[in-house]
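J.: My structure file entry11.txt, compact mmCIF, C-alpha atoms, is below:
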# COMPACT_ATOMS: atom_id res chain seq x y z
CA MET C 1 -13.55 -57.48 -30.51
CA GLY C 2 -10.95 -59.58 -32.30
CA VAL C 3 -13.62 -62.12 -33.23
CA GLY C 4 -15.70 -59.37 -34.80
CA TYR C 5 -12.69 -58.08 -36.74
CA ALA C 6 -11.88 -61.57 -38.08
CA LEU C 7 -15.35 -62.93 -38.74
CA LEU C 8 -18.05 -60.26 -38.75
CA GLU C 9 -17.01 -56.71 -39.58
CA HIS C 10 -17.42 -55.69 -43.20
CA LEU C 11 -16.57 -52.00 -43.21
CA PRO C 12 -16.39 -50.34 -46.64
CA PRO C 13 -14.46 -47.06 -46.54
CA PHE C 14 -15.95 -43.58 -46.58
CA GLU C 15 -19.57 -42.94 -47.65
CA ASP C 16 -20.24 -46.56 -48.56
CA GLY C 17 -19.60 -47.65 -44.99
CA PRO C 18 -19.72 -46.34 -41.44
CA GLY C 19 -18.09 -43.13 -42.71
CA ASN C 20 -21.54 -41.93 -43.72
CA GLY C 21 -22.38 -41.56 -40.05
CA GLN C 22 -25.59 -43.58 -40.24
CA TRP C 23 -24.35 -46.99 -39.14
CA ASN C 24 -25.54 -48.66 -35.98
CA LEU C 25 -25.40 -52.20 -34.63
CA GLY C 26 -27.66 -53.41 -37.44
CA GLN C 27 -24.77 -52.95 -39.90
CA TYR C 28 -21.75 -52.99 -37.61
CA LEU C 29 -21.87 -56.54 -36.34
CA VAL C 30 -20.40 -57.20 -32.91
CA ALA C 31 -19.74 -60.71 -31.61
CA ARG C 32 -22.33 -61.90 -29.10
CA GLY C 33 -21.92 -64.39 -26.31
CA SER C 34 -23.39 -67.12 -28.49
CA ASP C 35 -20.60 -66.51 -31.06
CA LEU C 36 -18.00 -67.60 -28.51
CA PRO C 37 -17.18 -70.92 -26.81
CA LEU C 38 -17.95 -69.55 -23.36
CA HIS C 39 -17.93 -72.93 -21.59
CA ASP C 40 -14.45 -73.78 -22.73
CA LEU C 41 -12.61 -70.48 -22.61
CA GLU C 42 -9.75 -70.25 -20.19
CA ILE C 43 -8.25 -66.89 -19.37
CA GLU C 44 -4.64 -66.97 -18.33
CA VAL C 45 -3.18 -63.92 -16.64
CA LEU C 46 0.59 -63.92 -16.93
CA PRO C 47 2.58 -62.75 -13.91
CA PRO C 48 4.65 -59.58 -14.31
CA ALA C 49 8.16 -60.08 -15.66
CA THR C 50 9.61 -58.55 -12.50
CA PRO C 51 7.87 -58.13 -9.11
CA ASN C 52 8.06 -54.32 -9.12
CA GLU C 53 6.93 -53.80 -12.71
CA HIS C 54 4.48 -50.92 -13.17
CA PRO C 55 0.97 -51.69 -14.46
CA LYS C 56 0.60 -51.05 -18.18
CA GLY C 57 -2.41 -50.54 -20.42
CA MET C 58 -3.18 -53.19 -23.02
CA ALA C 59 -6.15 -51.77 -24.88
CA GLU C 60 -6.74 -52.77 -28.50
CA VAL C 61 -3.17 -53.97 -29.04
CA VAL C 62 -4.19 -57.36 -27.66
CA MET C 63 -6.65 -57.75 -30.54
CA ILE C 64 -3.85 -58.13 -33.09
CA PRO C 65 -3.05 -61.84 -32.48
CA VAL C 66 -6.73 -62.84 -32.31
CA VAL C 67 -7.20 -62.49 -36.07
CA PRO C 68 -4.26 -64.70 -37.20
CA ALA C 69 -5.15 -67.17 -34.43
CA LEU C 70 -8.67 -67.53 -35.80
CA LEU C 71 -7.53 -67.64 -39.43
CA ASN C 72 -4.92 -70.26 -38.59
CA ALA C 73 -7.66 -72.28 -36.89
CA ILE C 74 -9.77 -71.96 -40.05
CA PHE C 75 -6.78 -73.11 -42.14
CA ASP C 76 -6.29 -76.01 -39.77
CA ALA C 77 -9.94 -77.00 -40.14
CA THR C 78 -10.46 -76.39 -43.88
CA GLY C 79 -7.02 -76.29 -45.52
CA ARG C 80 -7.91 -72.89 -46.99
CA ARG C 81 -5.99 -69.64 -46.46
CA PHE C 82 -8.15 -66.54 -46.58
CA GLN C 83 -6.55 -63.28 -47.70
CA SER C 84 -9.23 -60.80 -46.70
CA LEU C 85 -11.44 -60.02 -43.72
CA PRO C 86 -13.99 -60.77 -42.53
CA VAL C 87 -14.12 -64.52 -43.18
CA THR C 88 -17.89 -64.93 -43.29
CA PRO C 89 -19.94 -68.15 -42.99
CA THR C 90 -20.70 -67.87 -46.74
CA MET C 91 -16.98 -67.84 -47.57
CA LEU C 92 -16.40 -70.81 -45.29
CA LYS C 93 -19.20 -72.78 -46.94
CA GLY C 94 -17.63 -71.95 -50.30
CA ALA C 95 -14.28 -73.25 -49.09
CA LEU C 96 -15.85 -76.47 -47.88
CA ALA C 97 -17.93 -77.05 -51.03
CA MET R 1 -48.83 -35.07 -22.85
CA THR R 2 -49.64 -38.24 -21.00
CA THR R 3 -49.87 -39.05 -17.33
CA LEU R 4 -47.15 -41.30 -15.98
CA ALA R 5 -47.28 -43.08 -12.63
CA ILE R 6 -44.53 -45.64 -12.25
CA LYS R 7 -42.97 -47.60 -9.45
CA ILE R 8 -39.16 -47.68 -9.63
CA ASN R 9 -37.21 -49.91 -7.24
CA GLY R 10 -40.27 -50.08 -5.01
CA ARG R 11 -40.78 -46.33 -4.84
CA ALA R 12 -43.76 -44.61 -6.48
CA HIS R 13 -43.09 -41.72 -8.87
CA GLY R 14 -45.82 -39.43 -10.17
CA PRO R 15 -48.44 -39.21 -11.47
CA THR R 16 -46.71 -36.61 -13.59
CA ASP R 17 -47.34 -35.30 -17.10
CA VAL R 18 -44.76 -36.36 -19.67
CA SER R 19 -44.44 -35.77 -23.37
CA ASP R 20 -45.65 -38.67 -25.52
CA ASP R 21 -42.27 -38.99 -27.22
CA LEU R 22 -40.20 -38.96 -24.03
CA THR R 23 -38.36 -42.27 -23.75
CA LEU R 24 -38.15 -44.16 -20.48
CA ASN R 25 -34.37 -43.79 -20.79
CA ASP R 26 -34.61 -39.99 -20.84
CA PHE R 27 -37.17 -40.05 -18.03
CA LEU R 28 -34.83 -42.08 -15.80
CA ARG R 29 -31.63 -40.27 -16.69
CA GLU R 30 -32.71 -36.67 -17.31
CA TYR R 31 -35.85 -36.27 -15.17
CA LEU R 32 -34.92 -38.45 -12.20
CA GLY R 33 -31.12 -38.29 -12.43
CA MET R 34 -30.91 -42.09 -12.29
CA THR R 35 -27.92 -42.41 -14.58
CA GLY R 36 -27.15 -46.05 -13.74
CA THR R 37 -29.32 -46.99 -16.72
CA LYS R 38 -27.17 -46.29 -19.78
CA PHE R 39 -27.96 -45.12 -23.28
CA GLY R 40 -26.15 -47.22 -25.89
CA CYS R 41 -27.13 -47.72 -29.52
CA GLY R 42 -30.51 -46.01 -29.28
CA ALA R 43 -31.98 -48.76 -31.44
CA ALA R 44 -32.73 -51.55 -28.94
CA GLN R 45 -29.81 -53.58 -30.30
CA CYS R 46 -27.28 -53.58 -27.44
CA LEU R 47 -29.52 -53.66 -24.33
CA SER R 48 -27.13 -51.60 -22.21
CA CYS R 49 -30.29 -49.58 -21.40
CA ALA R 50 -32.34 -52.58 -20.23
CA VAL R 51 -34.34 -52.44 -17.00
CA ILE R 52 -36.38 -55.10 -15.20
CA VAL R 53 -40.16 -54.95 -15.56
CA ASP R 54 -42.09 -56.76 -12.82
CA ASN R 55 -45.40 -58.30 -13.79
CA ALA R 56 -48.29 -58.50 -11.32
CA ASP R 57 -48.05 -62.32 -11.36
CA GLY R 58 -44.54 -62.26 -9.90
CA THR R 59 -42.71 -62.89 -13.17
CA SER R 60 -40.25 -60.39 -14.59
CA PHE R 61 -38.61 -59.57 -17.88
CA THR R 62 -36.14 -57.02 -19.17
CA SER R 63 -37.02 -54.24 -21.55
CA PRO R 64 -34.87 -51.76 -23.43
CA THR R 65 -35.64 -48.18 -22.50
CA CYS R 66 -34.05 -46.24 -25.37
CA VAL R 67 -36.80 -46.68 -27.95
CA VAL R 68 -39.71 -47.22 -25.56
CA SER R 69 -41.85 -44.31 -24.40
CA ALA R 70 -41.98 -43.52 -20.71
CA ALA R 71 -45.77 -43.22 -21.00
CA SER R 72 -46.03 -46.88 -22.02
CA PHE R 73 -44.78 -47.77 -18.52
CA ASN R 74 -47.72 -46.03 -16.83
CA GLY R 75 -48.90 -48.22 -13.96
CA LYS R 76 -45.88 -50.52 -14.28
CA SER R 77 -43.28 -51.50 -11.72
CA ILE R 78 -39.66 -51.57 -12.80
CA ARG R 79 -36.23 -52.15 -11.27
CA THR R 80 -32.99 -50.48 -12.30
CA VAL R 81 -29.37 -51.08 -11.42
CA GLU R 82 -29.79 -48.70 -8.48
CA GLY R 83 -32.30 -51.10 -6.89
CA HIS R 84 -30.19 -54.26 -6.52
CA ALA R 85 -28.20 -53.45 -3.38
CA LYS R 86 -30.18 -53.59 -0.13
CA ASP R 87 -29.17 -51.41 2.82
CA GLY R 88 -25.81 -50.75 1.20
CA LYS R 89 -25.10 -54.45 0.71
CA LEU R 90 -24.52 -55.61 -2.84
CA SER R 91 -26.57 -58.48 -4.24
CA ALA R 92 -24.97 -61.88 -4.82
CA LEU R 93 -24.78 -61.19 -8.54
CA GLN R 94 -23.24 -57.74 -8.08
CA THR R 95 -20.63 -59.26 -5.76
CA ALA R 96 -19.89 -61.99 -8.31
CA PHE R 97 -19.49 -59.41 -11.09
CA ILE R 98 -16.87 -57.64 -9.00
CA GLU R 99 -15.08 -60.77 -7.81
CA LYS R 100 -14.95 -62.20 -11.33
CA PHE R 101 -13.88 -58.79 -12.70
CA ALA R 102 -16.77 -59.36 -15.10
CA PHE R 103 -16.79 -55.88 -16.60
CA GLN R 104 -14.20 -53.44 -17.83
CA CYS R 105 -15.61 -50.13 -19.08
CA GLY R 106 -18.90 -50.91 -17.34
CA TYR R 107 -21.20 -49.45 -19.95
CA CYS R 108 -23.10 -52.71 -20.53
CA THR R 109 -22.99 -53.79 -16.88
CA ALA R 110 -26.38 -52.51 -15.72
CA GLY R 111 -28.04 -54.40 -18.57
CA PHE R 112 -26.17 -57.61 -17.83
CA LEU R 113 -26.95 -57.27 -14.12
CA ASN R 114 -30.66 -56.84 -14.77
CA GLU R 115 -30.75 -59.74 -17.24
CA GLY R 116 -28.76 -61.98 -14.90
CA GLN R 117 -31.03 -61.13 -11.98
CA VAL R 118 -34.14 -61.97 -13.99
CA LEU R 119 -32.51 -65.29 -14.91
CA LEU R 120 -31.74 -66.06 -11.24
CA GLU R 121 -35.31 -65.31 -10.22
CA ARG R 122 -36.66 -67.42 -13.09
CA LEU R 123 -34.44 -70.37 -12.15
CA ALA R 124 -35.44 -70.06 -8.49
CA LYS R 125 -39.03 -70.65 -9.60
CA LYS R 126 -38.23 -73.12 -12.36
CA PRO R 127 -34.81 -74.80 -11.92
CA VAL R 128 -32.90 -76.35 -14.81
CA ALA R 129 -30.64 -79.40 -15.00
CA ARG R 130 -26.91 -78.80 -14.56
CA GLY R 131 -26.37 -80.12 -18.08
CA ASP R 132 -28.58 -77.36 -19.50
CA LEU R 133 -27.15 -74.56 -17.39
CA GLU R 134 -24.42 -73.28 -19.73
CA THR R 135 -26.83 -73.00 -22.65
CA THR R 136 -29.45 -71.41 -20.40
CA ILE R 137 -27.01 -68.68 -19.35
CA VAL R 138 -25.78 -68.04 -22.90
CA GLU R 139 -29.34 -67.75 -24.20
CA ALA R 140 -30.45 -65.49 -21.35
CA LEU R 141 -27.58 -63.02 -21.76
CA ASP R 142 -27.26 -63.24 -25.54
CA GLY R 143 -29.11 -60.06 -26.45
CA HIS R 144 -26.59 -57.99 -24.51
CA ILE R 145 -23.52 -56.70 -26.30
CA CYS R 146 -20.18 -56.22 -24.57
CA ARG R 147 -17.20 -54.91 -26.47
CA CYS R 148 -14.56 -55.25 -23.76
CA THR R 149 -14.69 -58.60 -22.06
CA GLY R 150 -15.53 -61.36 -24.51
CA TYR R 151 -18.49 -62.25 -22.22
CA VAL R 152 -16.75 -65.13 -20.48
CA LYS R 153 -16.43 -63.43 -17.11
CA TYR R 154 -20.06 -62.36 -17.08
CA HIS R 155 -20.94 -65.94 -17.93
CA GLU R 156 -18.74 -67.29 -15.14
CA ALA R 157 -20.12 -64.81 -12.61
CA VAL R 158 -23.72 -65.81 -13.29
CA ARG R 159 -22.75 -69.49 -13.21
CA ASP R 160 -20.88 -69.05 -9.91
CA VAL R 161 -23.92 -67.52 -8.22
CA ILE R 162 -26.10 -70.39 -9.45
CA LEU R 163 -23.66 -73.15 -8.46
CA ALA R 164 -23.09 -71.57 -5.04
CA ASP R 165 -26.80 -72.09 -4.35
CA ALA R 166 -27.41 -75.12 -6.55
CA LYS R 167 -30.32 -76.40 -4.44
CA ARG R 168 -32.20 -73.25 -5.28
CA TYR R 169 -31.42 -72.93 -8.98
CA LEU R 170 -30.79 -76.45 -10.29
CA ILE R 171 -32.84 -79.62 -10.49
CA ALA R 172 -31.39 -82.00 -7.91
CA GLY R 173 -29.60 -85.08 -9.17
CA LEU R 174 -29.46 -84.12 -12.86
What's the structure tokens form of this structure?
T.:
Amino acid sequence: MGVGYALLEHLPPFEDGPGNGQWNLGQYLVARGSDLPLHDLEIEVLPPATPNEHPKGMAEVVMIPVVPALLNAIFDATGRRFQSLPVTPTMLKGALA
Amino acid sequence: MTTLAIKINGRAHGPTDVSDDLTLNDFLREYLGMTGTKFGCGAAQCLSCAVIVDNADGTSFTSPTCVVSAASFNGKSIRTVEGHAKDGKLSALQTAFIEKFAFQCGYCTAGFLNEGQVLLERLAKKPVARGDLETTIVEALDGHICRCTGYVKYHEAVRDVILADAKRYLIAGL
């Protein structure tokens, strides 16, 4: 979800975008398994801060750091800071040209 | 109207008359009450609606059901998510999905389960080298969209089942 937000989702507002009610997965691009480094991903589950802590929902809040993490990785690799989302392959090729 | 006779999870249904524009998804969900097969994008893009189609030669493939007419499955044999467990015992892949916590909302799970099962059966007939396994899994599952998990736990679950029975699914020594 965070990968899509950072790299794939171009969502113009209102009638020019999904607001017209006609969009499906042809326009709204969602990251697929092949977009991700599935062999090398490690998921770390942190223990609760205290043993008797109640379970909490995480939901979309956890998507927030994914975008700066990816854009920092792009900066690390290319030396370019991007100021808008999504950072598409075309933009990356432009940065590397 | 068209006549539809179809075998689902080994059980014969019909022949029954169905409308030409009835999708297989609606036939399963609305006519038979088999709601394990989901309806996602309605455009064959997400494959949450995929079922297994068994060919007469013993090979199988998955097919979306949302944009495909029920009538086009006349004479075919298919499997749905309801058909994987035998005598109340979950399949190895179902167990791995649960143990790996592979899914969250579960909407895409039936599609991933069917695709993963087809992959297992394909590898049992035609094993791959360990070095090609990761790519093989990614390519097999790639048409399926999951919005919750980031795919890695599905990937790990399928890989776990294969590695747990490596003699069956992998080429020895490679």
J.: Could you put an axis-aligned box around every listed atom of region 22-29 of chain R, padded by 5 Å on each side, and send me its centre and edge lengths in Å to one decimal, as lines of an AutoDock Vina configuration file?
T.:
center_x = -35.9
center_y = -41.6
center_z = -19.9
size_x = 18.6
size_y = 15.2
size_z = 18.2
J.: Give me the residues within 12 Å of Ser60 (chain R) as number ranges by chain, counting all atoms listed in the file and dropping any in the same chain fewer than 3 places off.
T.: R: 51-57, 63, 76-79, 114-123, 125
J.: Given a cut-off of 7 Å, which residues of chain R touch chain C, counting only C-alpha atoms, written out as a VMD selection string?
T.: chain R and resid 41 45 134 138 142 145 147 151 to 152
J.: In Å, rounded to a single decimal, give me how far CA of Cys46 (chain R) is from CA of Gly143 (chain R).
T.: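 Interatomic distance here is 6.8 Å.
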J.: Can you work out which one of R:Ala172, R:Leu90, R:Cys146, R:Val128 has the shortest atom-to-atom distance to Ala102 (chain R), counting all atoms listed in the file?
T.: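 That would be R:Cys146, the residue with the smallest distance to Ala102 (chain R).
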J.: Which is closer to Ser84 (chain C) than all the others in C:Met58, C:Leu7, C:Ala97, C:Ile64, using only C-alpha atoms?
T.: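 Nearest candidate to Ser84 (chain C) out of C:Met58, C:Leu7, C:Ala97, C:Ile64: C:Leu7.
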J.: So that I can check the surroundings of Gly79 (chain C), please list as a PyMOL selection string every protein, DNA and RNA residue that reaches within 12 Å of it, counting all atoms listed in the file and ignoring chain neighbours fewer than 6 positions away.
T.: chain C and resi 71-73+92+95-96
J.: Return the single residue from R:Thr109, R:Ala12, R:Ala71, R:Gly83 that is closest to Phe39 (chain R), with distances computed using all atoms listed in the file.
T.: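 Among R:Thr109, R:Ala12, R:Ala71, R:Gly83, it is R:Thr109 that comes nearest to Phe39 (chain R).
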J.: Would you mind listing what lies within 9 Å of Tyr5 (chain C) as a PyMOL selection string, with only C-alpha atoms counted and same-chain residues fewer than 4 positions away left out?
T.: chain C and resi 1+9-10+30+63+66-67+85-86
J.: Neighbouring residues of Phe27 (chain R) were defined as those with any atom within 9 Å, considering only C-alpha atoms; residues of the same chain fewer than 5 positions away were excluded. Please report them as a list in words.
T.: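 That gives Val18, Leu22, Leu32, Gly33, Met34, Ser69 and Ala70 of chain R.
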J.: At a cut-off of 12 Å around the point (-44.2, -39.0, -8.4) (file coordinates), what residues fall inside when counting all atoms listed in the file? I'd like the answer as a PDB file with C-alpha atoms, in the frame of the given file.
T.:
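Final output, saved to out_31.pdb:
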ATOM      1  CA  THR R   3     -49.870 -39.050 -17.330  1.00  0.00           C
ATOM      2  CA  LEU R   4     -47.150 -41.300 -15.980  1.00  0.00           C
ATOM      3  CA  ALA R   5     -47.280 -43.080 -12.630  1.00  0.00           C
ATOM      4  CA  ILE R   6     -44.530 -45.640 -12.250  1.00  0.00           C
ATOM      5  CA  LYS R   7     -42.970 -47.600  -9.450  1.00  0.00           C
ATOM      6  CA  ILE R   8     -39.160 -47.680  -9.630  1.00  0.00           C
ATOM      7  CA  ARG R  11     -40.780 -46.330  -4.840  1.00  0.00           C
ATOM      8  CA  ALA R  12     -43.760 -44.610  -6.480  1.00  0.00           C
ATOM      9  CA  HIS R  13     -43.090 -41.720  -8.870  1.00  0.00           C
ATOM     10  CA  GLY R  14     -45.820 -39.430 -10.170  1.00  0.00           C
ATOM     11  CA  PRO R  15     -48.440 -39.210 -11.470  1.00  0.00           C
ATOM     12  CA  THR R  16     -46.710 -36.610 -13.590  1.00  0.00           C
ATOM     13  CA  ASP R  17     -47.340 -35.300 -17.100  1.00  0.00           C
ATOM     14  CA  VAL R  18     -44.760 -36.360 -19.670  1.00  0.00           C
ATOM     15  CA  PHE R  27     -37.170 -40.050 -18.030  1.00  0.00           C
ATOM     16  CA  TYR R  31     -35.850 -36.270 -15.170  1.00  0.00           C
ATOM     17  CA  LEU R  32     -34.920 -38.450 -12.200  1.00  0.00           C
ATOM     18  CA  ASN R  74     -47.720 -46.030 -16.830  1.00  0.00           C
ATOM     19  CA  GLY R  75     -48.900 -48.220 -13.960  1.00  0.00           C
TER      20      GLY R  75
END
J.: Which residue out of R:Ala157, R:Ala110, R:Ile162, R:Cys148 has the minimum interatomic distance to Ala124 (chain R) when only C-alpha atoms are used?
T.: R:Ile162
J.: What does the distance between CA of Arg29 (chain R) and CA of Ser91 (chain R) come to in Å, to one decimal place?
T.: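 Here the two named atoms are 22.6 Å from each other.
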J.: Could you state the separation of CA of His144 (chain R) and CA of Leu47 (chain R) in Å, given to one decimal place?
T.: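 Spanning CA of His144 (chain R) to CA of Leu47 (chain R) is a straight-line distance of 5.2 Å.
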J.: Provide region 43-67 of chain C of the preceding structure as a file containing N, CA and C atoms, as a CSV table (one decimal), in the first residue's frame.
T.:
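So the final result, stored in selection-v8.csv, reads:
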chain,number,residue,atom,x,y,z
C,43,ILE,N,10.3,-9.3,8.2
C,43,ILE,CA,9.2,-8.6,9.0
C,43,ILE,C,9.6,-8.8,10.5
C,44,GLU,N,9.7,-7.6,11.2
C,44,GLU,CA,10.1,-7.7,12.6
C,44,GLU,C,8.8,-7.2,13.4
C,45,VAL,N,8.4,-8.1,14.3
C,45,VAL,CA,7.3,-7.7,15.1
C,45,VAL,C,7.9,-7.3,16.5
C,46,LEU,N,7.6,-6.1,16.8
C,46,LEU,CA,8.2,-5.6,18.1
C,46,LEU,C,7.4,-6.1,19.3
C,47,PRO,N,8.0,-6.4,20.4
C,47,PRO,CA,7.2,-6.9,21.6
C,47,PRO,C,6.5,-5.7,22.2
C,48,PRO,N,5.4,-5.9,22.9
C,48,PRO,CA,4.7,-4.8,23.5
C,48,PRO,C,5.6,-4.1,24.5
C,49,ALA,N,5.3,-2.8,24.7
C,49,ALA,CA,6.1,-2.0,25.6
C,49,ALA,C,6.0,-2.5,27.1
C,50,THR,N,4.8,-3.0,27.5
C,50,THR,CA,4.7,-3.6,28.8
C,50,THR,C,3.9,-4.9,28.5
C,51,PRO,N,4.1,-5.9,29.4
C,51,PRO,CA,3.5,-7.2,29.2
C,51,PRO,C,2.0,-7.2,29.1
C,52,ASN,N,1.3,-6.3,29.9
C,52,ASN,CA,-0.1,-6.3,29.9
C,52,ASN,C,-0.8,-5.3,29.0
C,53,GLU,N,0.0,-4.8,28.0
C,53,GLU,CA,-0.5,-3.8,27.1
C,53,GLU,C,-1.7,-4.4,26.3
C,54,HIS,N,-2.7,-3.6,26.1
C,54,HIS,CA,-3.8,-4.0,25.3
C,54,HIS,C,-3.5,-4.0,23.8
C,55,PRO,N,-4.0,-5.0,23.0
C,55,PRO,CA,-3.8,-4.9,21.5
C,55,PRO,C,-4.4,-3.6,21.0
C,56,LYS,N,-3.7,-3.1,20.0
C,56,LYS,CA,-4.1,-1.8,19.3
C,56,LYS,C,-4.2,-2.1,17.8
C,57,GLY,N,-5.1,-1.3,17.1
C,57,GLY,CA,-5.1,-1.4,15.7
C,57,GLY,C,-4.0,-0.5,15.1
C,58,MET,N,-3.5,-0.9,13.9
C,58,MET,CA,-2.5,-0.1,13.3
C,58,MET,C,-3.0,0.5,12.0
C,59,ALA,N,-3.7,-0.3,11.2
C,59,ALA,CA,-4.4,0.2,10.0
C,59,ALA,C,-3.4,1.0,9.1
C,60,GLU,N,-3.9,2.0,8.4
C,60,GLU,CA,-3.2,2.7,7.4
C,60,GLU,C,-2.1,3.6,8.0
C,61,VAL,N,-2.1,3.9,9.3
C,61,VAL,CA,-1.1,4.7,9.9
C,61,VAL,C,0.3,4.2,9.6
C,62,VAL,N,0.5,2.9,9.6
C,62,VAL,CA,1.8,2.4,9.3
C,62,VAL,C,2.3,2.6,7.9
C,63,MET,N,1.4,3.1,7.0
C,63,MET,CA,1.9,3.5,5.7
C,63,MET,C,2.7,4.7,5.6
C,64,ILE,N,2.6,5.6,6.6
C,64,ILE,CA,3.2,6.9,6.6
C,64,ILE,C,4.7,6.8,6.4
C,65,PRO,N,5.4,6.0,7.2
C,65,PRO,CA,6.9,6.0,7.0
C,65,PRO,C,7.4,5.3,5.8
C,66,VAL,N,6.5,4.6,5.1
C,66,VAL,CA,7.0,3.8,3.9
C,66,VAL,C,7.4,4.8,2.8
C,67,VAL,N,6.6,5.9,2.7
C,67,VAL,CA,6.9,6.8,1.6
C,67,VAL,C,8.2,7.5,1.8
